[in-house]
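**Student:** This structure is in structure tokens; I'll ask about it shortly.
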Amino acid sequence: KVKPKAPKAEAKMLPEVKNIVAVASGKGGVGKSTVASNLAVALSNMGYKVGLLDADVYGPSIPKMFKTEDARPVLKKVDGKDKIVPVEKYGVKNLSIGYFVNPEDALVWRGAMATNALKQLISDGDWGELDYLLLDLPPGTSDIHLTAVQTISLAGAVVVSTPQDVALADARKGISMFTGEKINVPVLGLVENMAWFTPAELPENKYYIFGEGGCKKLAEELKVRLLGQIPIVQSIREGGDNGEPSALNPDSITGQAFAKLGQAVV
Ligand code: ADP
């Protein structure tokens, strides 16, 4: 269960948001944004009010994954203050730095700028009432997200990894970033992405391309939950590229995997 911590100053800025949950990874390319976007849709399918903040300021990919690249969030006065109205798609309210800058420009941001932009998207977003606000964090454990994570009152963190040794080593660092004394954010668990591959012509076979059982072992060792295992499926990649997350089809095998993940997170 996600239990919100006592509200800090920052949390009071979003009094209507029940749980802010970070989706993190130790390294890039493991499918963090794919998991974040599908988890958001899966939670929405379950009837929750969901927001998704693309905090990956160095490589924002949520606009593409939701096919909202052309959206331009508008401003709205709320209590005399300008608020940014999130883009709503598939039942999920999202905001991304990608709506405001060219992705190429985002790459050269300095740490403080990136952190401020992130804070602004959170505090100035007109998020309204939400059960879950997911933060798709940048990969890694840099100073930027240490600052971000420290200033935002997180209910918990979900860490995404592949079962490969190099990814697991970085996932371990990611987990210790959250559980470190200074931050102390509950780790809700690990998600093993790209867990195996099943060819269409051999539906009974599982090929463990990145190794077998790596996340289960790490979860046991670090005493965190293994929240779910997502196989390598072409339609997951296509869904990301086409802006139609697999979780939109809850009856498909991939949709079911993300639905299960949603149930494990709440
Ligand atoms: P990250 O956010 O960790 O950098 P992405 O979510 O952008 O990673 O995923 C990297 C690439 O891998 C994308 O092209 C994505 O579509 C693909 N991908 C992620 N997870 C899966 C999966 N389970 N099956 C197939 N392709 C996947």
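Order determines the names: the first chain of the structure tokens is A, the second B, and so forth; residues in each chain are numbered 1 upward, and ligands are numbered 1 upward as they are shown.
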So which residues are near ligand 1, meaning at most 7 Å away with only C-alpha atoms and all ligand atoms counted, given back as a list in words?

**Tutor:** Ser25, Lys27, Gly28, Gly29, Val30, Gly31, Lys32, Ser33, Thr34, Val35, Ser61, Pro139, Asn193, Met194, Ile230, Pro231, Ile232, Val233, Gln234, Ser235, Ile236, Arg237, Glu238, Gly240 and Asp241 of chain A

**Student:** Using the selection just defined, write its residues with C-alpha atoms as a short mmCIF file (atom, residue, chain, number, x, y, z; two decimals), in the first residue's frame.

**Tutor:**
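Generated file (again_3.cif):
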data_model
loop_
_atom_site.label_atom_id
_atom_site.label_comp_id
_atom_site.auth_asym_id
_atom_site.auth_seq_id
_atom_site.Cartn_x
_atom_site.Cartn_y
_atom_site.Cartn_z
CA SER A 25 15.89 3.69 -13.14
CA LYS A 27 20.39 3.66 -16.27
CA GLY A 28 18.73 4.80 -19.46
CA GLY A 29 17.07 2.58 -22.00
CA VAL A 30 15.65 0.01 -19.59
CA GLY A 31 12.07 1.06 -20.31
CA LYS A 32 11.41 3.50 -17.48
CA SER A 33 9.23 5.83 -19.58
CA THR A 34 7.47 2.87 -21.17
CA VAL A 35 6.63 1.50 -17.73
CA SER A 61 9.52 11.09 -24.16
CA PRO A 139 17.72 7.96 -15.44
CA ASN A 193 11.29 -5.00 -17.80
CA MET A 194 12.35 -6.98 -20.86
CA ILE A 230 7.11 -7.23 -18.33
CA PRO A 231 8.28 -9.33 -21.30
CA ILE A 232 9.91 -7.97 -24.45
CA VAL A 233 7.04 -7.58 -26.90
CA GLN A 234 7.13 -5.86 -30.24
CA SER A 235 3.73 -4.26 -29.62
CA ILE A 236 5.05 -2.58 -26.45
CA ARG A 237 7.76 -0.89 -28.51
CA GLU A 238 5.29 -0.04 -31.26
CA GLY A 240 5.54 3.62 -27.42
CA ASP A 241 6.50 4.83 -30.86
#

**Student:** Find the residues near Leu135 of chain A: any atom within 12 Å, counting only C-alpha atoms, skip ones fewer than 4 places away on the same chain, and give them as a PyMOL selection string.

**Tutor:** chain A and resi 19-25+32-33+35-37+39-40+50-57+60+62+93-96+118-119+121-122+139+145+148-149+152-159

**Student:** Keeping only N, CA and C atoms, write the selected residues as a short mmCIF file (atom, residue, chain, number, x, y, z; two decimals), in the first residue's frame.

**Tutor:**
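That gives us part.cif:
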data_model
loop_
_atom_site.label_atom_id
_atom_site.label_comp_id
_atom_site.auth_asym_id
_atom_site.auth_seq_id
_atom_site.Cartn_x
_atom_site.Cartn_y
_atom_site.Cartn_z
N ASN A 19 -1.01 10.86 -3.77
CA ASN A 19 0.28 10.16 -3.77
C ASN A 19 1.13 10.61 -4.94
N ILE A 20 2.34 11.06 -4.65
CA ILE A 20 3.29 11.33 -5.72
C ILE A 20 4.28 10.16 -5.73
N VAL A 21 4.31 9.46 -6.85
CA VAL A 21 5.13 8.25 -6.96
C VAL A 21 6.17 8.45 -8.06
N ALA A 22 7.44 8.26 -7.72
CA ALA A 22 8.51 8.39 -8.72
C ALA A 22 8.72 7.07 -9.44
N VAL A 23 8.93 7.16 -10.75
CA VAL A 23 9.34 5.98 -11.52
C VAL A 23 10.77 6.26 -11.94
N ALA A 24 11.69 5.43 -11.45
CA ALA A 24 13.11 5.72 -11.61
C ALA A 24 13.83 4.54 -12.22
N SER A 25 15.05 4.80 -12.68
CA SER A 25 15.89 3.69 -13.14
C SER A 25 17.34 4.10 -12.92
N LYS A 32 12.03 2.74 -18.56
CA LYS A 32 11.41 3.50 -17.48
C LYS A 32 10.20 4.28 -17.97
N SER A 33 10.35 5.02 -19.08
CA SER A 33 9.23 5.83 -19.58
C SER A 33 8.10 4.94 -20.10
N VAL A 35 7.33 1.99 -18.92
CA VAL A 35 6.63 1.50 -17.73
C VAL A 35 5.79 2.62 -17.11
N ALA A 36 6.38 3.83 -17.02
CA ALA A 36 5.64 4.94 -16.40
C ALA A 36 4.36 5.24 -17.17
N SER A 37 4.45 5.27 -18.51
CA SER A 37 3.26 5.63 -19.28
C SER A 37 2.20 4.52 -19.22
N LEU A 39 1.91 2.29 -16.81
CA LEU A 39 1.40 2.23 -15.44
C LEU A 39 0.34 3.32 -15.22
N ALA A 40 0.60 4.49 -15.78
CA ALA A 40 -0.36 5.59 -15.66
C ALA A 40 -1.70 5.19 -16.28
N VAL A 50 -5.36 10.07 -12.43
CA VAL A 50 -3.92 9.92 -12.58
C VAL A 50 -3.29 11.09 -13.34
N GLY A 51 -2.13 11.50 -12.87
CA GLY A 51 -1.32 12.48 -13.59
C GLY A 51 0.05 11.87 -13.86
N LEU A 52 0.69 12.34 -14.91
CA LEU A 52 2.02 11.84 -15.25
C LEU A 52 2.89 13.04 -15.58
N LEU A 53 3.93 13.23 -14.78
CA LEU A 53 4.83 14.34 -15.04
C LEU A 53 6.11 13.80 -15.65
N ASP A 54 6.41 14.25 -16.84
CA ASP A 54 7.63 13.84 -17.52
C ASP A 54 8.76 14.66 -16.94
N ALA A 55 9.42 14.10 -15.93
CA ALA A 55 10.50 14.83 -15.26
C ALA A 55 11.85 14.52 -15.88
N ASP A 56 11.82 13.76 -16.96
CA ASP A 56 13.06 13.42 -17.66
C ASP A 56 13.42 14.60 -18.55
N VAL A 57 13.90 15.66 -17.89
CA VAL A 57 14.14 16.92 -18.61
C VAL A 57 15.21 16.78 -19.69
N PRO A 60 12.84 14.11 -22.71
CA PRO A 60 11.39 13.93 -22.48
C PRO A 60 10.77 13.04 -23.55
N ILE A 62 7.46 11.42 -22.93
CA ILE A 62 6.02 11.20 -22.70
C ILE A 62 5.15 11.78 -23.83
N LYS A 93 -3.62 12.97 -17.04
CA LYS A 93 -3.18 14.36 -17.23
C LYS A 93 -1.66 14.36 -17.28
N ASN A 94 -1.09 14.88 -18.33
CA ASN A 94 0.38 14.88 -18.37
C ASN A 94 0.97 16.25 -18.65
N LEU A 95 2.15 16.46 -18.13
CA LEU A 95 2.95 17.65 -18.44
C LEU A 95 4.37 17.20 -18.70
N SER A 96 5.01 17.88 -19.64
CA SER A 96 6.37 17.51 -19.99
C SER A 96 7.14 18.75 -20.37
N LEU A 118 11.62 21.40 -13.28
CA LEU A 118 10.88 20.26 -12.75
C LEU A 118 9.95 20.69 -11.61
N LYS A 119 10.53 21.48 -10.70
CA LYS A 119 9.72 21.94 -9.56
C LYS A 119 8.54 22.77 -10.05
N LEU A 121 6.99 22.61 -12.97
CA LEU A 121 5.95 21.79 -13.60
C LEU A 121 5.07 21.13 -12.53
N ILE A 122 5.69 20.80 -11.42
CA ILE A 122 4.91 20.16 -10.36
C ILE A 122 4.03 21.19 -9.65
N PRO A 139 17.00 9.15 -15.91
CA PRO A 139 17.72 7.96 -15.44
C PRO A 139 18.90 8.34 -14.56
N HIS A 145 18.38 14.85 -9.57
CA HIS A 145 17.18 14.29 -8.96
C HIS A 145 17.30 14.04 -7.49
N ALA A 148 15.63 17.12 -6.55
CA ALA A 148 14.21 17.03 -6.86
C ALA A 148 13.49 16.12 -5.87
N VAL A 149 14.10 14.97 -5.67
CA VAL A 149 13.46 13.98 -4.80
C VAL A 149 13.36 14.49 -3.37
N ILE A 152 10.47 17.24 -3.12
CA ILE A 152 9.10 16.82 -3.39
C ILE A 152 8.76 15.70 -2.42
N SER A 153 7.62 15.80 -1.79
CA SER A 153 7.27 14.76 -0.83
C SER A 153 6.71 13.54 -1.55
N LEU A 154 7.56 12.54 -1.71
CA LEU A 154 7.16 11.36 -2.47
C LEU A 154 6.53 10.31 -1.55
N ALA A 155 5.45 9.71 -2.04
CA ALA A 155 4.85 8.61 -1.29
C ALA A 155 5.67 7.35 -1.48
N GLY A 156 6.35 7.25 -2.62
CA GLY A 156 7.15 6.06 -2.86
C GLY A 156 7.81 6.11 -4.21
N ALA A 157 8.67 5.13 -4.45
CA ALA A 157 9.37 5.05 -5.73
C ALA A 157 9.28 3.64 -6.29
N VAL A 158 9.13 3.60 -7.62
CA VAL A 158 9.13 2.34 -8.35
C VAL A 158 10.42 2.35 -9.17
N VAL A 159 11.22 1.31 -9.07
CA VAL A 159 12.49 1.28 -9.78
C VAL A 159 12.43 0.23 -10.90
#

**Student:** With distances taken over only C-alpha atoms, which residue among A:Lys18, A:Lys81, A:Leu261, A:Met46 lies nearest Glu129 of chain A?

**Tutor:**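 Of all the options, A:Lys18 lies closest to Glu129 of chain A.
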
**Student:** List the spatial neighbours of Lys217 of chain A as a list of chain:residue names - criterion: any atom at most 12 Å away, only C-alpha atoms, same-chain residues fewer than 3 positions off excluded.

**Tutor:**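 Once the nearby chain positions are removed, what remains is A:Pro163, A:Gln164, A:Asp165, A:Leu168, A:Arg172, A:Leu190, A:Glu192, A:Gly211, A:Glu212, A:Gly213, A:Gly214, A:Glu220, A:Glu221, A:Leu222, A:Lys223, A:Val224, A:Arg225, A:Leu226.
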
**Student:** What does the distance between atom CA of Tyr90 of chain A and atom CA of Val41 of chain A come to in Å, to one decimal place?

**Tutor:**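 Separation of atom CA of Tyr90 of chain A and atom CA of Val41 of chain A: 6.8 Å.
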
**Student:** Do you have the atom CA of Phe178 of chain A-atom CA of Ser142 of chain A distance handy?

**Tutor:** 12.1 Å

**Student:** Check the DSSP output for the backbone and give back, as JSON, numbers by chain, the residues of segment 95-223 of chain A in alpha helix (DSSP H).

**Tutor:** {"A": [103, 104, 105, 106, 111, 112, 113, 114, 115, 116, 117, 118, 119, 120, 121, 122, 123, 143, 144, 145, 146, 147, 148, 149, 150, 151, 165, 166, 167, 168, 169, 170, 171, 172, 173, 174, 175, 176, 177, 178, 179, 214, 215, 216, 217, 218, 219, 220, 221, 222]}

**Student:** Mind giving me the straight-line distance from atom CA of Gln229 of chain A to atom CA of Ala257 of chain A in Å, one decimal?

**Tutor:**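 Calculated distance between atom CA of Gln229 of chain A and atom CA of Ala257 of chain A is 7.3 Å.
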
**Student:** I'd like to know which of A:Val87, A:Leu134, A:Ile97, A:Val160 is closest to Val74 of chain A, using only C-alpha atoms.

**Tutor:** A:Val87

**Student:** Would you please work out which residue, of A:Asn242, A:Thr141, A:Asn38, A:Gln120, is nearest to Thr68 of chain A when using only C-alpha atoms?

**Tutor:**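 Looking at the shortest contact to Thr68 of chain A, the residue is A:Asn242.
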
**Student:** Please determine, counting only C-alpha atoms, which residue among A:Thr254, A:Lys182, A:Ala264, A:Val166 has the shortest atom-to-atom distance to Thr198 of chain A.

**Tutor:** A:Thr254

**Student:** Taking only C-alpha atoms into account, name the residue in A:Ala200, A:Leu188, A:Ala167, A:Val92 that is nearest to Leu133 of chain A.

**Tutor:**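 Of A:Ala200, A:Leu188, A:Ala167, A:Val92, the one nearest Leu133 of chain A, counting only C-alpha atoms, is A:Val92.
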
**Student:** Choose the residue, out of A:Gly26, A:Ser161, A:Asn102, A:Lys260, that has the smallest atom-to-atom separation from Gly174 of chain A; count only C-alpha atoms.

**Tutor:** A:Gly26
